[in-house]
$ cat data16.cif   # mmCIF, C-alpha atoms and all ligand atoms
data_model
#
loop_
_atom_site.group_PDB
_atom_site.id
_atom_site.type_symbol
_atom_site.label_atom_id
_atom_site.label_comp_id
_atom_site.auth_asym_id
_atom_site.auth_seq_id
_atom_site.Cartn_x
_atom_site.Cartn_y
_atom_site.Cartn_z
ATOM 1 C CA PHE A 20 37.023 55.844 -51.099
ATOM 2 C CA LYS A 21 35.339 58.735 -49.261
ATOM 3 C CA GLU A 22 37.201 61.510 -51.102
ATOM 4 C CA ALA A 23 38.090 61.744 -54.813
ATOM 5 C CA PRO A 24 39.161 58.298 -56.057
ATOM 6 C CA PRO A 25 42.931 57.706 -56.248
ATOM 7 C CA LYS A 26 44.463 58.153 -59.695
ATOM 8 C CA VAL A 27 46.240 55.340 -61.532
ATOM 9 C CA LEU A 28 48.520 55.830 -64.517
ATOM 10 C CA VAL A 29 48.737 52.937 -67.007
ATOM 11 C CA PRO A 30 51.339 53.855 -69.651
ATOM 12 C CA GLU A 31 51.515 50.414 -71.320
ATOM 13 C CA LYS A 32 49.065 47.899 -72.748
ATOM 14 C CA LEU A 33 47.332 46.115 -69.903
ATOM 15 C CA SER A 34 44.784 43.318 -70.313
ATOM 16 C CA ALA A 35 41.137 44.413 -69.899
ATOM 17 C CA ASP A 36 40.267 42.253 -66.876
ATOM 18 C CA GLY A 37 42.679 44.045 -64.568
ATOM 19 C CA LEU A 38 41.718 47.463 -65.922
ATOM 20 C CA ALA A 39 38.046 46.702 -65.252
ATOM 21 C CA LEU A 40 38.920 45.878 -61.631
ATOM 22 C CA LEU A 41 40.692 49.230 -61.230
ATOM 23 C CA ARG A 42 37.935 51.207 -62.974
ATOM 24 C CA GLY A 43 35.441 49.907 -60.403
ATOM 25 C CA SER A 44 36.826 52.263 -57.768
ATOM 26 C CA LEU A 45 39.772 54.261 -59.127
ATOM 27 C CA ASP A 46 40.356 57.010 -61.654
ATOM 28 C CA VAL A 47 42.350 55.235 -64.408
ATOM 29 C CA ASP A 48 44.385 57.046 -67.075
ATOM 30 C CA GLU A 49 45.660 54.936 -69.965
ATOM 31 C CA ARG A 50 48.455 56.946 -71.591
ATOM 32 C CA LYS A 51 50.430 54.787 -74.032
ATOM 33 C CA GLY A 52 53.598 56.023 -75.725
ATOM 34 C CA LEU A 53 54.651 58.571 -73.085
ATOM 35 C CA THR A 54 58.212 59.860 -73.488
ATOM 36 C CA PRO A 55 60.410 59.741 -70.341
ATOM 37 C CA GLU A 56 60.000 63.556 -70.096
ATOM 38 C CA GLU A 57 56.204 63.326 -70.315
ATOM 39 C CA LEU A 58 56.179 60.616 -67.629
ATOM 40 C CA LEU A 59 58.285 62.820 -65.361
ATOM 41 C CA ASP A 60 55.945 65.707 -65.992
ATOM 42 C CA ILE A 61 52.686 63.953 -65.103
ATOM 43 C CA ILE A 62 53.784 61.425 -62.458
ATOM 44 C CA PRO A 63 53.168 63.877 -59.538
ATOM 45 C CA ASN A 64 49.400 63.532 -60.250
ATOM 46 C CA TYR A 65 49.191 59.798 -59.593
ATOM 47 C CA ASP A 66 48.753 57.496 -56.603
ATOM 48 C CA ALA A 67 49.596 54.314 -58.516
ATOM 49 C CA LEU A 68 51.569 53.359 -61.614
ATOM 50 C CA VAL A 69 50.936 50.085 -63.471
ATOM 51 C CA ILE A 70 53.628 49.110 -65.991
ATOM 52 C CA ARG A 71 55.051 46.268 -68.062
ATOM 53 C CA SER A 72 58.661 46.169 -69.240
ATOM 54 C CA GLU A 73 58.919 49.323 -71.329
ATOM 55 C CA THR A 74 58.440 52.080 -68.762
ATOM 56 C CA LYS A 75 61.655 52.919 -66.937
ATOM 57 C CA VAL A 76 60.801 53.855 -63.373
ATOM 58 C CA THR A 77 64.038 55.595 -62.463
ATOM 59 C CA ALA A 78 65.018 57.319 -59.218
ATOM 60 C CA THR A 79 64.184 60.652 -60.893
ATOM 61 C CA VAL A 80 60.660 59.502 -61.745
ATOM 62 C CA LEU A 81 60.131 58.209 -58.204
ATOM 63 C CA GLN A 82 61.443 61.420 -56.619
ATOM 64 C CA ALA A 83 59.078 63.478 -58.773
ATOM 65 C CA ALA A 84 56.132 61.272 -57.799
ATOM 66 C CA ARG A 85 54.829 63.151 -54.789
ATOM 67 C CA ARG A 86 51.740 61.020 -54.070
ATOM 68 C CA LEU A 87 52.769 57.672 -55.536
ATOM 69 C CA LYS A 88 52.059 54.760 -53.175
ATOM 70 C CA VAL A 89 52.568 51.789 -55.456
ATOM 71 C CA VAL A 90 54.359 50.757 -58.644
ATOM 72 C CA ALA A 91 52.867 47.565 -60.040
ATOM 73 C CA ARG A 92 54.796 45.525 -62.588
ATOM 74 C CA ALA A 93 52.449 43.372 -64.684
ATOM 75 C CA GLY A 94 55.017 40.592 -65.070
ATOM 76 C CA VAL A 95 57.879 39.083 -63.109
ATOM 77 C CA GLY A 96 60.990 41.164 -63.708
ATOM 78 C CA VAL A 97 61.288 44.439 -61.801
ATOM 79 C CA ASP A 98 64.619 45.355 -63.413
ATOM 80 C CA ASN A 99 62.992 48.426 -65.013
ATOM 81 C CA VAL A 100 62.093 49.797 -61.558
ATOM 82 C CA ASP A 101 64.571 51.362 -59.120
ATOM 83 C CA VAL A 102 63.285 49.239 -56.240
ATOM 84 C CA GLU A 103 65.895 50.529 -53.788
ATOM 85 C CA GLN A 104 64.842 54.128 -54.373
ATOM 86 C CA ALA A 105 61.143 53.209 -54.183
ATOM 87 C CA THR A 106 61.735 51.487 -50.847
ATOM 88 C CA LYS A 107 63.570 54.559 -49.501
ATOM 89 C CA LEU A 108 60.606 56.705 -50.488
ATOM 90 C CA GLY A 109 58.066 54.302 -48.978
ATOM 91 C CA ILE A 110 56.618 53.369 -52.371
ATOM 92 C CA VAL A 111 55.592 49.719 -52.581
ATOM 93 C CA VAL A 112 56.685 47.756 -55.667
ATOM 94 C CA VAL A 113 54.555 44.717 -56.516
ATOM 95 C CA ASN A 114 54.774 42.202 -59.365
ATOM 96 C CA SER A 115 53.112 39.027 -60.593
ATOM 97 C CA PRO A 116 55.574 36.252 -59.795
ATOM 98 C CA SER A 117 53.587 33.410 -61.298
ATOM 99 C CA GLY A 118 51.135 34.793 -63.883
ATOM 100 C CA ASN A 119 53.306 34.170 -66.922
ATOM 101 C CA ILE A 120 55.334 31.088 -65.990
ATOM 102 C CA GLY A 121 53.518 28.827 -68.448
ATOM 103 C CA ALA A 122 53.746 31.374 -71.264
ATOM 104 C CA ALA A 123 57.494 31.918 -70.808
ATOM 105 C CA ALA A 124 58.190 28.179 -70.578
ATOM 106 C CA GLU A 125 56.081 27.374 -73.651
ATOM 107 C CA HIS A 126 57.793 30.144 -75.618
ATOM 108 C CA THR A 127 61.176 28.655 -74.693
ATOM 109 C CA ILE A 128 60.125 25.249 -75.994
ATOM 110 C CA ALA A 129 58.605 26.844 -79.119
ATOM 111 C CA LEU A 130 61.876 28.648 -79.870
ATOM 112 C CA MET A 131 63.924 25.531 -79.178
ATOM 113 C CA MET A 132 61.819 23.501 -81.621
ATOM 114 C CA SER A 133 61.809 26.335 -84.178
ATOM 115 C CA MET A 134 65.582 26.492 -84.003
ATOM 116 C CA ALA A 135 66.028 22.694 -84.112
ATOM 117 C CA ARG A 136 63.711 22.259 -87.113
ATOM 118 C CA LYS A 137 64.507 25.553 -88.924
ATOM 119 C CA ILE A 138 60.834 26.476 -88.957
ATOM 120 C CA PRO A 139 61.244 30.268 -89.413
ATOM 121 C CA GLU A 140 63.647 29.764 -92.338
ATOM 122 C CA GLY A 141 61.442 27.118 -94.000
ATOM 123 C CA CYS A 142 58.370 29.309 -93.536
ATOM 124 C CA ALA A 143 60.070 32.402 -95.005
ATOM 125 C CA SER A 144 61.406 30.407 -97.967
ATOM 126 C CA LEU A 145 58.033 28.862 -98.797
ATOM 127 C CA LYS A 146 56.330 32.265 -98.569
ATOM 128 C CA GLN A 147 58.866 33.517 -101.117
ATOM 129 C CA GLY A 148 57.518 30.859 -103.484
ATOM 130 C CA LYS A 149 60.492 28.491 -103.064
ATOM 131 C CA TRP A 150 60.367 24.739 -102.298
ATOM 132 C CA GLU A 151 63.723 23.997 -100.613
ATOM 133 C CA ARG A 152 63.303 20.748 -98.688
ATOM 134 C CA SER A 153 66.954 19.702 -98.497
ATOM 135 C CA LYS A 154 68.085 23.125 -97.256
ATOM 136 C CA PHE A 155 66.140 22.857 -94.013
ATOM 137 C CA VAL A 156 67.197 19.561 -92.468
ATOM 138 C CA GLY A 157 66.959 19.931 -88.694
ATOM 139 C CA VAL A 158 67.915 17.998 -85.582
ATOM 140 C CA GLU A 159 65.731 16.191 -83.051
ATOM 141 C CA VAL A 160 65.651 17.219 -79.406
ATOM 142 C CA LYS A 161 64.787 13.706 -78.183
ATOM 143 C CA GLY A 162 67.838 12.179 -76.520
ATOM 144 C CA LYS A 163 69.658 15.518 -76.378
ATOM 145 C CA VAL A 164 70.842 17.310 -73.254
ATOM 146 C CA LEU A 165 69.134 20.523 -72.198
ATOM 147 C CA GLY A 166 71.172 22.640 -69.786
ATOM 148 C CA ILE A 167 69.142 25.062 -67.688
ATOM 149 C CA ILE A 168 70.643 27.978 -65.787
ATOM 150 C CA GLY A 169 68.132 28.925 -63.090
ATOM 151 C CA LEU A 170 65.740 26.233 -61.892
ATOM 152 C CA GLY A 171 63.094 28.640 -60.599
ATOM 153 C CA LYS A 172 59.431 28.560 -61.586
ATOM 154 C CA VAL A 173 60.041 29.044 -65.332
ATOM 155 C CA GLY A 174 63.184 26.891 -65.439
ATOM 156 C CA LEU A 175 61.394 24.028 -63.704
ATOM 157 C CA THR A 176 58.411 24.239 -66.073
ATOM 158 C CA VAL A 177 60.797 24.197 -69.049
ATOM 159 C CA ALA A 178 62.517 21.153 -67.507
ATOM 160 C CA ARG A 179 59.213 19.260 -67.172
ATOM 161 C CA LEU A 180 58.202 20.060 -70.758
ATOM 162 C CA ALA A 181 61.658 19.054 -72.029
ATOM 163 C CA LYS A 182 61.445 15.738 -70.157
ATOM 164 C CA GLY A 183 58.166 15.162 -71.995
ATOM 165 C CA LEU A 184 60.090 15.629 -75.250
ATOM 166 C CA GLY A 185 62.539 12.913 -74.233
ATOM 167 C CA MET A 186 65.421 15.225 -73.321
ATOM 168 C CA THR A 187 67.957 14.728 -70.552
ATOM 169 C CA VAL A 188 67.860 17.807 -68.340
ATOM 170 C CA ASN A 189 70.779 19.190 -66.329
ATOM 171 C CA ALA A 190 70.444 22.380 -64.314
ATOM 172 C CA LEU A 191 72.606 24.827 -62.428
ATOM 173 C CA ASP A 192 70.995 26.713 -59.569
ATOM 174 C CA PRO A 193 72.624 27.099 -56.155
ATOM 175 C CA TYR A 194 69.215 27.744 -54.570
ATOM 176 C CA ALA A 195 67.307 24.840 -56.161
ATOM 177 C CA SER A 196 65.870 22.178 -53.914
ATOM 178 C CA PRO A 197 67.517 18.798 -54.655
ATOM 179 C CA ALA A 198 64.197 17.093 -53.828
ATOM 180 C CA VAL A 199 62.255 19.225 -56.334
ATOM 181 C CA ALA A 200 64.934 18.689 -59.011
ATOM 182 C CA SER A 201 64.996 14.962 -58.457
ATOM 183 C CA ALA A 202 61.171 14.744 -58.544
ATOM 184 C CA ALA A 203 61.342 16.408 -61.979
ATOM 185 C CA SER A 204 64.158 14.026 -63.059
ATOM 186 C CA VAL A 205 66.561 16.950 -63.378
ATOM 187 C CA THR A 206 70.246 16.455 -62.553
ATOM 188 C CA LEU A 207 71.624 19.395 -60.597
ATOM 189 C CA VAL A 208 75.217 20.208 -61.563
ATOM 190 C CA THR A 209 77.469 22.249 -59.325
ATOM 191 C CA SER A 210 79.456 24.325 -61.792
ATOM 192 C CA LEU A 211 78.815 26.377 -64.907
ATOM 193 C CA PRO A 212 81.601 24.684 -66.935
ATOM 194 C CA GLU A 213 80.021 21.298 -66.180
ATOM 195 C CA LEU A 214 76.665 22.540 -67.500
ATOM 196 C CA LEU A 215 78.175 24.251 -70.545
ATOM 197 C CA LYS A 216 80.168 21.168 -71.597
ATOM 198 C CA SER A 217 77.216 18.805 -71.311
ATOM 199 C CA ALA A 218 74.505 20.807 -73.100
ATOM 200 C CA ASP A 219 73.279 20.386 -76.668
ATOM 201 C CA PHE A 220 70.836 23.194 -75.905
ATOM 202 C CA LEU A 221 71.431 25.761 -73.156
ATOM 203 C CA THR A 222 68.646 27.966 -71.795
ATOM 204 C CA ILE A 223 68.744 30.764 -69.241
ATOM 205 C CA HIS A 224 65.957 31.405 -66.723
ATOM 206 C CA THR A 225 67.415 33.881 -64.234
ATOM 207 C CA PRO A 226 66.556 37.489 -63.432
ATOM 208 C CA LEU A 227 69.007 40.183 -64.543
ATOM 209 C CA ILE A 228 70.970 40.998 -61.391
ATOM 210 C CA ALA A 229 74.625 41.844 -60.747
ATOM 211 C CA SER A 230 75.637 38.169 -60.607
ATOM 212 C CA THR A 231 73.882 37.222 -63.865
ATOM 213 C CA ARG A 232 74.802 40.260 -65.991
ATOM 214 C CA GLY A 233 77.198 39.090 -68.722
ATOM 215 C CA MET A 234 77.180 35.604 -67.153
ATOM 216 C CA ILE A 235 77.602 34.009 -70.604
ATOM 217 C CA GLY A 236 80.465 35.666 -72.475
ATOM 218 C CA GLU A 237 83.197 34.611 -74.872
ATOM 219 C CA ALA A 238 84.900 32.202 -72.423
ATOM 220 C CA GLU A 239 81.626 30.482 -71.496
ATOM 221 C CA LEU A 240 80.445 30.142 -75.111
ATOM 222 C CA ALA A 241 83.810 28.616 -76.012
ATOM 223 C CA GLN A 242 83.194 25.901 -73.401
ATOM 224 C CA MET A 243 79.928 24.869 -75.047
ATOM 225 C CA LYS A 244 80.023 21.901 -77.454
ATOM 226 C CA ALA A 245 80.704 22.735 -81.094
ATOM 227 C CA GLY A 246 77.334 22.661 -82.853
ATOM 228 C CA SER A 247 75.298 23.319 -79.693
ATOM 229 C CA ARG A 248 72.512 25.882 -79.461
ATOM 230 C CA ILE A 249 71.586 28.560 -76.921
ATOM 231 C CA LEU A 250 68.319 30.235 -75.873
ATOM 232 C CA ASN A 251 67.522 33.411 -73.964
ATOM 233 C CA VAL A 252 63.889 33.999 -73.024
ATOM 234 C CA ALA A 253 64.865 35.565 -69.674
ATOM 235 C CA ARG A 254 66.622 38.916 -69.839
ATOM 236 C CA GLY A 255 68.869 40.697 -72.296
ATOM 237 C CA GLY A 256 72.290 41.311 -70.755
ATOM 238 C CA THR A 257 72.702 37.830 -69.270
ATOM 239 C CA ILE A 258 74.423 36.775 -72.512
ATOM 240 C CA ASP A 259 77.052 39.087 -74.012
ATOM 241 C CA GLU A 260 75.518 39.908 -77.408
ATOM 242 C CA ALA A 261 78.876 40.571 -79.126
ATOM 243 C CA ALA A 262 80.272 37.234 -77.926
ATOM 244 C CA LEU A 263 77.117 35.438 -79.031
ATOM 245 C CA LEU A 264 77.261 37.016 -82.479
ATOM 246 C CA ALA A 265 80.956 36.074 -82.806
ATOM 247 C CA SER A 266 80.220 32.482 -81.796
ATOM 248 C CA LEU A 267 77.473 32.206 -84.423
ATOM 249 C CA GLU A 268 79.698 33.804 -87.058
ATOM 250 C CA SER A 269 82.586 31.427 -86.322
ATOM 251 C CA GLY A 270 80.181 28.489 -86.638
ATOM 252 C CA HIS A 271 80.940 27.246 -83.087
ATOM 253 C CA LEU A 272 77.296 27.614 -82.090
ATOM 254 C CA ALA A 273 74.818 26.085 -84.529
ATOM 255 C CA GLY A 274 72.038 28.418 -83.477
ATOM 256 C CA ALA A 275 70.716 30.980 -81.033
ATOM 257 C CA ALA A 276 67.115 31.730 -80.089
ATOM 258 C CA VAL A 277 66.736 35.146 -78.532
ATOM 259 C CA ASP A 278 63.578 36.807 -77.211
ATOM 260 C CA VAL A 279 65.195 39.501 -75.055
ATOM 261 C CA PHE A 280 67.848 42.100 -75.752
ATOM 262 C CA THR A 281 70.165 44.394 -73.828
ATOM 263 C CA SER A 282 68.312 47.375 -75.207
ATOM 264 C CA GLU A 283 64.645 47.019 -76.157
ATOM 265 C CA PRO A 284 63.798 47.791 -78.859
ATOM 266 C CA PRO A 285 67.311 47.098 -80.179
ATOM 267 C CA VAL A 286 69.157 50.083 -81.580
ATOM 268 C CA ALA A 287 69.617 50.130 -85.389
ATOM 269 C CA ASP A 288 73.090 48.970 -86.542
ATOM 270 C CA SER A 289 73.954 47.762 -83.018
ATOM 271 C CA THR A 290 75.414 44.340 -82.163
ATOM 272 C CA ALA A 291 71.905 43.222 -81.220
ATOM 273 C CA ALA A 292 70.640 44.294 -84.635
ATOM 274 C CA LYS A 293 73.403 42.217 -86.279
ATOM 275 C CA LEU A 294 72.496 39.275 -84.057
ATOM 276 C CA ILE A 295 68.858 39.594 -85.086
ATOM 277 C CA ALA A 296 69.857 39.603 -88.754
ATOM 278 C CA HIS A 297 72.088 36.518 -88.432
ATOM 279 C CA PRO A 298 70.668 33.643 -90.498
ATOM 280 C CA ARG A 299 71.074 31.122 -87.651
ATOM 281 C CA ALA A 300 69.377 33.289 -85.035
ATOM 282 C CA VAL A 301 65.683 32.714 -84.338
ATOM 283 C CA VAL A 302 64.392 35.894 -82.751
ATOM 284 C CA THR A 303 61.191 37.300 -81.281
ATOM 285 C CA PRO A 304 60.494 40.772 -79.835
ATOM 286 C CA HIS A 305 60.200 39.920 -76.087
ATOM 287 C CA LEU A 306 57.140 37.721 -76.553
ATOM 288 C CA GLY A 307 57.805 35.280 -73.688
ATOM 289 C CA ALA A 308 54.831 36.466 -71.668
ATOM 290 C CA SER A 309 52.695 37.498 -74.594
ATOM 291 C CA THR A 310 49.764 35.130 -74.440
ATOM 292 C CA VAL A 311 46.152 36.111 -73.820
ATOM 293 C CA GLU A 312 46.114 33.916 -70.723
ATOM 294 C CA ALA A 313 49.340 35.248 -69.198
ATOM 295 C CA GLN A 314 48.408 38.860 -69.824
ATOM 296 C CA GLU A 315 45.024 38.327 -68.116
ATOM 297 C CA ASN A 316 46.752 36.599 -65.198
ATOM 298 C CA VAL A 317 49.374 39.285 -64.604
ATOM 299 C CA SER A 318 46.926 42.117 -65.151
ATOM 300 C CA VAL A 319 44.395 40.817 -62.598
ATOM 301 C CA ASP A 320 47.181 39.820 -60.241
ATOM 302 C CA VAL A 321 48.769 43.260 -60.007
ATOM 303 C CA CYS A 322 45.552 45.271 -60.206
ATOM 304 C CA GLU A 323 44.178 43.390 -57.176
ATOM 305 C CA GLN A 324 47.357 44.313 -55.298
ATOM 306 C CA VAL A 325 47.075 47.974 -56.329
ATOM 307 C CA LEU A 326 43.511 48.074 -55.001
ATOM 308 C CA ASP A 327 44.562 46.459 -51.732
ATOM 309 C CA ILE A 328 47.440 48.892 -51.225
ATOM 310 C CA LEU A 329 45.396 51.986 -52.055
ATOM 311 C CA LYS A 330 42.717 50.803 -49.664
ATOM 312 C CA GLY A 331 45.372 50.549 -46.969
ATOM 313 C CA SER A 332 45.473 46.775 -46.637
ATOM 314 C CA LEU A 333 48.334 44.385 -47.302
ATOM 315 C CA PRO A 334 48.478 43.116 -50.888
ATOM 316 C CA ARG A 335 46.949 39.610 -51.120
ATOM 317 C CA SER A 336 50.258 38.150 -52.243
ATOM 318 C CA ALA A 337 52.122 39.544 -49.197
HETATM 319 C C1 LIG B 1 58.312 39.510 -67.248
HETATM 320 O O1 LIG B 1 59.252 39.977 -66.624
HETATM 321 O O2 LIG B 1 57.271 39.212 -66.682
HETATM 322 C C2 LIG B 1 58.417 39.271 -68.703
HETATM 323 O O3 LIG B 1 59.637 39.596 -69.227
HETATM 324 C C3 LIG B 1 57.261 39.790 -69.463
HETATM 325 C C4 LIG B 1 57.169 41.246 -69.749
HETATM 326 O O4 LIG B 1 58.133 41.973 -69.741
HETATM 327 O O5 LIG B 1 56.067 41.701 -69.978
#
$ encode --input "data16.cif" --output "structure tokens" --more "lines below"
Ligand code: MLT
Amino acid sequence: FKEAPPKVLVPEKLSADGLALLRGSLDVDERKGLTPEELLDIIPNYDALVIRSETKVTATVLQAARRLKVVARAGVGVDNVDVEQATKLGIVVVNSPSGNIGAAAEHTIALMMSMARKIPEGCASLKQGKWERSKFVGVEVKGKVLGIIGLGKVGLTVARLAKGLGMTVNALDPYASPAVASAASVTLVTSLPELLKSADFLTIHTPLIASTRGMIGEAELAQMKAGSRILNVARGGTIDEAALLASLESGHLAGAAVDVFTSEPPVADSTAAKLIAHPRAVVTPHLGASTVEAQENVSVDVCEQVLDILKGSLPRSA
């Protein structure tokens, strides 16, 4: 850059490899824990903004950002960015579509196994000095049916891992390639009721968009087998939290594993908080992409794109 180097705001934790790339030629400000008001206040000073899932890049933030050229989302989901508004203002939004596929898929399998074998409960009990072997009898996943909603990159990786565990895998995805599904020994079903009725475990791997918001509510949960289990490592809001809590409380669902919530962090005393406290819910605080490897991948991935855009070239992923 001939003039002063462009300024980049990084308001969330970003892995060092990507930051090092940026620091080579840009002026990088790491400002964790900014309030929405503080973000609004300082955003006019920056040419690029690199975020994860916590920063809400609203239309107001984008309108205040007089020199912003790029918003980079170190991860897949861009639901915390007003992409439509950014596009209107000529601000490019980039993400890392593949950097955390493996991490999200492995976390799904880890939660499924934790739920099936009651690992969190057994661990907590033993740490309390108890020895309660008969209380924590689990179920095996081998021979069970896994239903997957969304056979994209993460869904397909989950399917392959589940096949390795001896599961039968059914999936619902109107855009999935039948050839890809069949190569992974996944049976594509054509309706949600069909998937819900067949699954011992149901897992969601879709983005949060208008058609997936509240996709699993009371009526859908009621169609699942009594004693089945559900997982959400995708996005809060795809499953209705109140309906999920009610289904656990009634005993219809044997378990729920939830990594993502409608509001993050969940509000105290909310439905999500009650869901988290339920004894048959296995929960993690949005850790699907939280591995060293995935965070390095997404960080390098988006920082390379930021550099390309600020230098006036097309991002390498374009
Ligand atoms: C993503 O969208 O990439 C994941 O949810 C991970 C994250 O929010 O960091």
$ closest_atom_pairs --input "data16.cif" --of "chain A" --to "ligand LIG 1 (chain B)" --cutoff "10 Å" --atoms "all atoms listed in the file" --output "CSV"
residue,atom,partner,partner_atom,distance
A:Glu31,CA,B:LIG1,O5,9.9
A:Lys32,CA,B:LIG1,O5,9.8
A:Leu33,CA,B:LIG1,O5,9.8
A:Ile70,CA,B:LIG1,O5,8.8
A:Arg71,CA,B:LIG1,O5,5.1
A:Ser72,CA,B:LIG1,O4,4.3
A:Glu73,CA,B:LIG1,O4,7.6
A:Arg92,CA,B:LIG1,O2,7.9
A:Ala93,CA,B:LIG1,O5,6.6
A:Gly94,CA,B:LIG1,O2,3.1
A:Val95,CA,B:LIG1,O2,3.6
A:Gly96,CA,B:LIG1,O1,3.6
A:Val97,CA,B:LIG1,O1,6.9
A:Asp98,CA,B:LIG1,O1,8.2
A:Asn99,CA,B:LIG1,O4,9.4
A:Asn114,CA,B:LIG1,O2,8.3
A:Ser115,CA,B:LIG1,O2,7.4
A:Pro116,CA,B:LIG1,O2,7.7
A:Ser117,CA,B:LIG1,O2,8.7
A:Gly118,CA,B:LIG1,O2,8.1
A:Asn119,CA,B:LIG1,O2,6.4
A:Ile120,CA,B:LIG1,O2,8.4
A:Ala122,CA,B:LIG1,C3,9.3
A:Ala123,CA,B:LIG1,C2,7.7
A:Pro226,CA,B:LIG1,O1,8.4
A:Leu227,CA,B:LIG1,O1,10.0
A:Val252,CA,B:LIG1,O3,8.0
A:Ala253,CA,B:LIG1,O3,6.6
A:Arg254,CA,B:LIG1,O3,7.0
A:Gly255,CA,B:LIG1,O3,9.8
A:Asp278,CA,B:LIG1,O3,9.3
A:Val279,CA,B:LIG1,O3,8.1
A:His305,CA,B:LIG1,O3,6.9
A:Leu306,CA,B:LIG1,C3,7.4
A:Gly307,CA,B:LIG1,C3,6.2
A:Ala308,CA,B:LIG1,C3,4.7
A:Ser309,CA,B:LIG1,O5,7.1
A:Ala313,CA,B:LIG1,C3,9.1
A:Gln314,CA,B:LIG1,O5,8.2
A:Val317,CA,B:LIG1,O2,8.2
$ residues_around --input "data16.cif" --residues "A:Lys330" --least-positions-apart "6" --cutoff "12 Å" --atoms "all atoms listed in the file" --output "PyMOL selection string"
chain A and resi 20-21+24-25+41+44-45+66-67+88-89+323-324
$ atom_distance --input "data16.cif" --atom1 "atom CA of A:Thr225" --atom2 "atom CA of A:Ile168"
6.9 Å
$ resolve_selection --input "data16.cif" --expression "the PyMOL selection byres (((chain A and resi 295) around 12) and not hetatm)" --output "number ranges by chain"
A: 260-261, 263-264, 267, 274-280, 284-294, 296-304
$ closest_residue --input "data16.cif" --among "A:Leu240, A:Ala39, A:Val90, A:Ala229" --to "A:Ser269" --atoms "all atoms listed in the file"
A:Leu240
$ atom_distance --input "data16.cif" --atom1 "atom CA of A:Val47" --atom2 "atom CA of A:Val325"
11.8 Å
$ atom_distance --input "data16.cif" --atom1 "atom CA of A:Glu268" --atom2 "atom CA of A:Ala245"
12.6 Å
$ closest_residue --input "data16.cif" --among "A:Ser282, A:Thr206, A:Ser34, A:Thr74" --to "A:Gly256" --atoms "all atoms listed in the file"
A:Ser282
$ residues_around --input "data16.cif" --residues "A:Leu211" --least-positions-apart "4" --cutoff "9 Å" --atoms "all atoms listed in the file" --output "PyMOL selection string"
chain A and resi 168+191+215-216+239
$ closest_residue --input "data16.cif" --among "A:Ala265, A:Val69, A:Val160, A:Val80" --to "A:Lys26" --atoms "all atoms listed in the file"
A:Val69
$ closest_residue --input "data16.cif" --among "A:Lys149, A:Arg50, A:His224, A:Lys161" --to "A:Leu250" --atoms "all atoms listed in the file"
A:His224
$ residues_around --input "data16.cif" --residues "A:Gly109" --least-positions-apart "2" --cutoff "12 Å" --atoms "all atoms listed in the file" --output "list in words"
Leu81, Gln82, Ala84, Arg85, Arg86, Leu87, Lys88, Val89, Val90, Val102, Glu103, Gln104, Ala105, Thr106, Lys107, Val111 and Val112 of chain A
$ closest_residue --input "data16.cif" --among "A:Ala198, A:Ala124, A:Val205, A:Val164" --to "A:Val177" --atoms "all atoms listed in the file"
A:Ala124
$ resolve_selection --input "data16.cif" --expression "the PyMOL selection byres (((chain A and resi 257) around 6) and not hetatm)" --output "VMD selection string"
chain A and resid 231 to 234 255 to 256 258
$ closest_residue --input "data16.cif" --among "A:Ala91, A:Pro30, A:Arg136, A:Arg152" --to "A:Cys322" --atoms "all atoms listed in the file"
A:Ala91
$ resolve_selection --input "data16.cif" --expression "the PyMOL selection byres (((chain A and resi 174) around 12) and not hetatm)" --output "number ranges by chain"
A: 120-128, 165-173, 175-181, 188-192, 195, 199-200, 203, 205, 221-226, 251-253
